[in-house]
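The structure appears right after this line, and notes come after that.
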Amino acid sequence: MPKGKKKGKYEHKRTEQAYSSDEDAGIDMTIDNCSEISGQSDLKSNQEETENDAQEKLEEKVLELIEALNARANAARAAALVALHGALQRRYLAGLLINHRATLADHISRALRRGKDGEKRGAANVASLLALQIGEEGTEDFMKEVRPALFAACTDKSASLETRTECCASLAVLCYLLEDDLTEIIEIMRMYETIFSGSYLKGDSTVKVSGPAVEEGSWHAAALDGWALLLSLLEPSHAAALLRSQPPSPRRLVQLLEACSLEVRMAAGAALAVAHERTADEELAWPEEELVPLLLQLARDPHKYRAKRDRKAQRATFRDILKYFEGAEVAELSVRVGAETVRCGGWAARGAYGALAGALRGGLAALAPHAPPLRHALGLPAAQPLAAPQRRLDKLQRHLQNNAACKARQLARNKSRDKRSAALAL
């Protein structure tokens, strides 16, 4: 006996024998299928409930923002447009917006015509998202009201350069996705040419290094990008005829490579690649003797007076463009959009993806499975028809359903506990 331990009157001995197995103990160690299935269904139900609650909250927020567009203060309307742009990027809300088409079109056009800079920028940014979300039936009426307002805002001298730049980019994306009238497309391309013509060389073939050509570089570049995007919609023969008969001619486009603005130079390089790719099989005179040496110089860019970051971006862009003009080589670009992959095999496709990603931002992945015009623009196959959605339960019905599932789980657990307790007592 250990030292210091007193011997008691009764010495208790363990009479329990160790069970050889759980089966000998009479305990059922098999998985309770009913409880497991109930738990899985409850998890799925909770996920669906969370998803439905998030959808309902977002719809309520969007309705509040639509009401806020009627605010008297310009700043309040601008803030509502910015918040609406963020909300529309998150989910596809065509079922909700279908009843507010006319109201939204009126708000957007009024903001573009009468609003101040902040409101105009907000309206321009949200226009493309709204056009894809309101449904195909309302697209034509939306375009008839919003497109002229955007057209006028692109050249509105009373607006800031940033606002005019946003309007140019938004109008190009809107027409690329939804405009079917060729006359309207050509008219918009003419308007774009009047904008970026400010970056042409002077009459004595010297570069403009002061005045609007420097200050308005981003605006001119946005117009040039929009012109190239709409050019990719034309048939090759029509595109070649347009370049022969209307400005800008190929020689004028080459002159833009010498502009003082980095943004204009890069936009001009991409526009040249798109125009050449589109008219490759047509008889169109290209000034190759001027173009290739200039592209080579821009791809190397030895000038130290330019910012290091600018020179790095310019070199990366013009190396690819130079490879195309020297050997018709275009590196394929693969981008993941949601669960699908977008492949851009040419300069027109790359420019289209860049414009759409810049305009829709996070909404690109959210809208791609649902919007046929966007799928066509990205080169994705037609979406498979979705099964008819089940009728959504209201909050009270979901609450009662969850309570019933919880009660069933509790009863199953209690039965299992009773069986185990009885087996252990034996």
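Just remember, in the structure tokens the first chain shown is A, the second B, etc., residues are 1-based per chain, and ligands are 1-based in the order shown.
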
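Per DSSP on the backbone, strand (DSSP E or B) in stretch 148-384 of chain A comprises A:Leu333, A:Ser334, A:Val335, A:Arg336, A:Val337, A:Glu340, A:Thr341, A:Val342, A:Arg343, A:Cys344.
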
Residue selection dump (C-alpha atoms) as a CSV table (one decimal), in the first residue's frame:
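Contents of again.csv, freshly written:
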```csv
chain,number,residue,atom,x,y,z
A,333,LEU,CA,-5.7,36.7,-74.3
A,334,SER,CA,-7.7,34.4,-72.0
A,335,VAL,CA,-9.7,35.9,-69.2
A,336,ARG,CA,-11.9,34.2,-66.7
A,337,VAL,CA,-15.4,35.8,-66.4
A,340,GLU,CA,-16.5,30.9,-68.2
A,341,THR,CA,-13.4,31.8,-70.1
A,342,VAL,CA,-13.3,34.6,-72.7
A,343,ARG,CA,-10.7,34.2,-75.4
A,344,CYS,CA,-9.6,37.3,-77.3
```

Helix (DSSP H, G or I) positions in stretch 53-194 of chain A, given as a count of residues only: 119

Residue contacts of A:Leu69 (10 Å, only C-alpha atoms) excluding same-chain residues fewer than 3 positions away, as an MDAnalysis selection string: chainID A and resid 64:66 72:74 76:81 84 103:104 107:108 111

Minimum-distance residue to A:Lys312, chosen among A:Arg91, A:Arg113, A:Arg265, A:Arg300 (using only C-alpha atoms): A:Arg300

Contacts of stretch 69-181 of chain A with stretch 225-234 of chain A up to 8 Å, shortest pair per row, only C-alpha atoms, as a Markdown table:
```
| residue | atom | partner | partner_atom | distance |
| --- | --- | --- | --- | --- |
| A:Cys168 | CA | A:Gly226 | CA | 6.8 |
| A:Ala169 | CA | A:Gly226 | CA | 6.2 |
| A:Leu171 | CA | A:Gly226 | CA | 7.9 |
| A:Ala172 | CA | A:Gly226 | CA | 4.9 |
| A:Val173 | CA | A:Gly226 | CA | 7.7 |
| A:Cys175 | CA | A:Leu230 | CA | 7.7 |
| A:Tyr176 | CA | A:Leu230 | CA | 6.2 |
```

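The interatomic distance for the pair atom CA of A:Tyr200 and atom CA of A:Ala259 works out to 7.3 Å.
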
Point-to-point distance from atom CA of A:Leu112 to atom CA of A:Ala359, Å rounded to tenths: 16.7 Å

Minimum-distance residue to A:Phe151, chosen among A:Thr183, A:Ser197, A:Gln55, A:Ser109 (using only C-alpha atoms): A:Ser109

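Take the candidates A:Leu291, A:Leu63, A:Ile134, A:Ala223 and check each one against A:Ala94 using only C-alpha atoms; the shortest distance goes to A:Ile134.
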
One-decimal distance in Å that lies between atom CA of A:Leu262 and atom CA of A:Val82: 29.0 Å

For A:Ala299: contacts at 8 Å, only C-alpha atoms, fewer than 3 positions along chain excluded, given as a short mmCIF file (atom, residue, chain, number, x, y, z; two decimals) with N, CA, C and O atoms, in the first residue's frame:
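part21.cif, written as the output of this step:
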```cif
data_model
loop_
_atom_site.label_atom_id
_atom_site.label_comp_id
_atom_site.auth_asym_id
_atom_site.auth_seq_id
_atom_site.Cartn_x
_atom_site.Cartn_y
_atom_site.Cartn_z
N LEU A 295 6.66 52.73 -85.00
CA LEU A 295 6.30 51.75 -83.98
C LEU A 295 7.54 51.20 -83.29
O LEU A 295 7.54 50.97 -82.07
N LEU A 296 8.60 50.99 -84.05
CA LEU A 296 9.85 50.50 -83.47
C LEU A 296 10.43 51.51 -82.49
O LEU A 296 10.91 51.15 -81.41
N GLN A 314 4.22 52.23 -72.34
CA GLN A 314 4.29 52.43 -73.80
C GLN A 314 5.07 51.31 -74.47
O GLN A 314 4.65 50.80 -75.52
N ARG A 315 6.18 50.91 -73.90
CA ARG A 315 6.97 49.83 -74.49
C ARG A 315 6.18 48.53 -74.55
O ARG A 315 6.18 47.84 -75.56
N ALA A 316 5.50 48.20 -73.45
CA ALA A 316 4.73 46.95 -73.41
C ALA A 316 3.63 46.94 -74.47
O ALA A 316 3.38 45.92 -75.12
N THR A 317 2.97 48.07 -74.66
CA THR A 317 1.88 48.15 -75.64
C THR A 317 2.40 48.06 -77.06
O THR A 317 1.90 47.28 -77.88
N PHE A 318 3.41 48.84 -77.36
CA PHE A 318 3.86 48.93 -78.76
C PHE A 318 4.73 47.75 -79.18
O PHE A 318 4.89 47.51 -80.37
N ARG A 319 5.27 46.99 -78.24
CA ARG A 319 5.95 45.76 -78.63
C ARG A 319 4.96 44.79 -79.27
O ARG A 319 5.25 44.15 -80.29
N LEU A 322 3.86 46.17 -82.68
CA LEU A 322 4.92 46.00 -83.68
C LEU A 322 4.98 44.56 -84.18
O LEU A 322 5.17 44.31 -85.39
#
```

A:Ala152 environment, 12 Å, only C-alpha atoms, sequence neighbours closer than 2 positions dropped, as a VMD selection string: chain A and resid 109 to 110 112 to 114 120 124 145 to 150 154 to 159 163 to 164 167 to 168 171 188 191 to 192

Those same residues, written as a compact mmCIF listing (two decimals), in the first residue's frame with N, CA, C and O atoms?
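As written to disk, selection01.txt reads:
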```txt
# COMPACT_ATOMS: atom_id res chain seq x y z
N SER A 109 -31.34 60.51 -68.66
CA SER A 109 -31.27 61.55 -69.69
C SER A 109 -31.31 62.94 -69.08
O SER A 109 -30.60 63.85 -69.53
N ARG A 110 -32.12 63.13 -68.06
CA ARG A 110 -32.21 64.45 -67.41
C ARG A 110 -30.90 64.80 -66.71
O ARG A 110 -30.44 65.94 -66.76
N LEU A 112 -27.92 63.77 -67.56
CA LEU A 112 -26.91 64.06 -68.58
C LEU A 112 -27.11 65.43 -69.21
O LEU A 112 -26.15 66.09 -69.61
N ARG A 113 -28.34 65.87 -69.30
CA ARG A 113 -28.62 67.16 -69.96
C ARG A 113 -28.52 68.33 -69.00
O ARG A 113 -28.02 69.40 -69.36
N ARG A 114 -29.00 68.17 -67.79
CA ARG A 114 -29.13 69.31 -66.87
C ARG A 114 -28.26 69.22 -65.63
O ARG A 114 -28.10 70.20 -64.91
N LYS A 120 -23.57 64.03 -63.92
CA LYS A 120 -23.36 63.56 -65.29
C LYS A 120 -22.45 62.34 -65.31
O LYS A 120 -22.71 61.37 -66.04
N ALA A 124 -23.54 58.66 -66.64
CA ALA A 124 -22.79 58.01 -67.72
C ALA A 124 -22.29 56.63 -67.29
O ALA A 124 -22.32 55.67 -68.07
N GLU A 145 -33.84 57.43 -75.73
CA GLU A 145 -33.84 58.56 -74.81
C GLU A 145 -32.45 58.89 -74.27
O GLU A 145 -32.10 60.06 -74.10
N VAL A 146 -31.64 57.87 -74.02
CA VAL A 146 -30.35 58.09 -73.36
C VAL A 146 -29.25 58.40 -74.36
O VAL A 146 -28.38 59.24 -74.09
N ARG A 147 -29.26 57.76 -75.54
CA ARG A 147 -28.18 57.96 -76.50
C ARG A 147 -28.02 59.42 -76.94
O ARG A 147 -26.89 59.93 -76.95
N PRO A 148 -29.08 60.13 -77.31
CA PRO A 148 -28.89 61.55 -77.69
C PRO A 148 -28.32 62.40 -76.55
O PRO A 148 -27.53 63.31 -76.79
N ALA A 149 -28.73 62.07 -75.30
CA ALA A 149 -28.22 62.84 -74.17
C ALA A 149 -26.73 62.59 -73.97
O ALA A 149 -25.95 63.53 -73.70
N LEU A 150 -26.31 61.34 -74.12
CA LEU A 150 -24.87 61.04 -74.02
C LEU A 150 -24.09 61.68 -75.16
O LEU A 150 -22.98 62.18 -74.97
N CYS A 154 -20.93 64.42 -74.63
CA CYS A 154 -19.54 64.16 -75.04
C CYS A 154 -18.83 65.43 -75.50
O CYS A 154 -17.61 65.54 -75.37
N THR A 155 -19.57 66.37 -76.06
CA THR A 155 -18.96 67.59 -76.60
C THR A 155 -19.40 68.84 -75.85
O THR A 155 -19.26 69.95 -76.36
N ASP A 156 -19.96 68.67 -74.67
CA ASP A 156 -20.44 69.79 -73.88
C ASP A 156 -19.25 70.52 -73.24
O ASP A 156 -18.62 70.01 -72.32
N LYS A 157 -18.94 71.69 -73.74
CA LYS A 157 -17.78 72.44 -73.25
C LYS A 157 -17.96 72.93 -71.82
O LYS A 157 -16.97 73.25 -71.14
N SER A 158 -19.21 73.01 -71.34
CA SER A 158 -19.42 73.46 -69.97
C SER A 158 -19.09 72.38 -68.95
O SER A 158 -18.93 72.67 -67.76
N ALA A 159 -19.00 71.13 -69.38
CA ALA A 159 -18.66 70.03 -68.48
C ALA A 159 -17.14 69.90 -68.38
O ALA A 159 -16.40 70.33 -69.27
N THR A 163 -15.65 64.50 -67.07
CA THR A 163 -17.03 64.13 -67.40
C THR A 163 -17.18 63.80 -68.87
O THR A 163 -17.82 62.80 -69.24
N ARG A 164 -16.58 64.60 -69.73
CA ARG A 164 -16.67 64.32 -71.17
C ARG A 164 -15.98 63.00 -71.52
O ARG A 164 -16.44 62.25 -72.40
N CYS A 167 -18.32 60.18 -70.58
CA CYS A 167 -19.45 60.11 -71.51
C CYS A 167 -19.03 59.46 -72.83
O CYS A 167 -19.79 58.68 -73.41
N CYS A 168 -17.84 59.77 -73.31
CA CYS A 168 -17.36 59.16 -74.55
C CYS A 168 -17.23 57.65 -74.39
O CYS A 168 -17.65 56.88 -75.27
N LEU A 171 -20.81 56.01 -74.06
CA LEU A 171 -21.57 56.00 -75.32
C LEU A 171 -21.04 54.91 -76.25
O LEU A 171 -21.83 54.22 -76.91
N ILE A 188 -21.92 58.77 -84.82
CA ILE A 188 -21.17 58.85 -83.56
C ILE A 188 -19.67 58.78 -83.84
O ILE A 188 -18.86 59.49 -83.20
N MET A 191 -18.52 62.16 -84.82
CA MET A 191 -18.39 63.03 -83.66
C MET A 191 -17.09 62.74 -82.91
O MET A 191 -16.39 63.66 -82.47
N TYR A 192 -16.74 61.46 -82.77
CA TYR A 192 -15.49 61.11 -82.11
C TYR A 192 -14.29 61.68 -82.87
O TYR A 192 -13.33 62.15 -82.26
```

Stretch 281-284 of chain A surroundings by only C-alpha atoms, 8 Å radius, close-in-sequence under 5 positions cut, as a list of chain:residue names: A:Pro236, A:Ser237, A:Ala240, A:Arg244
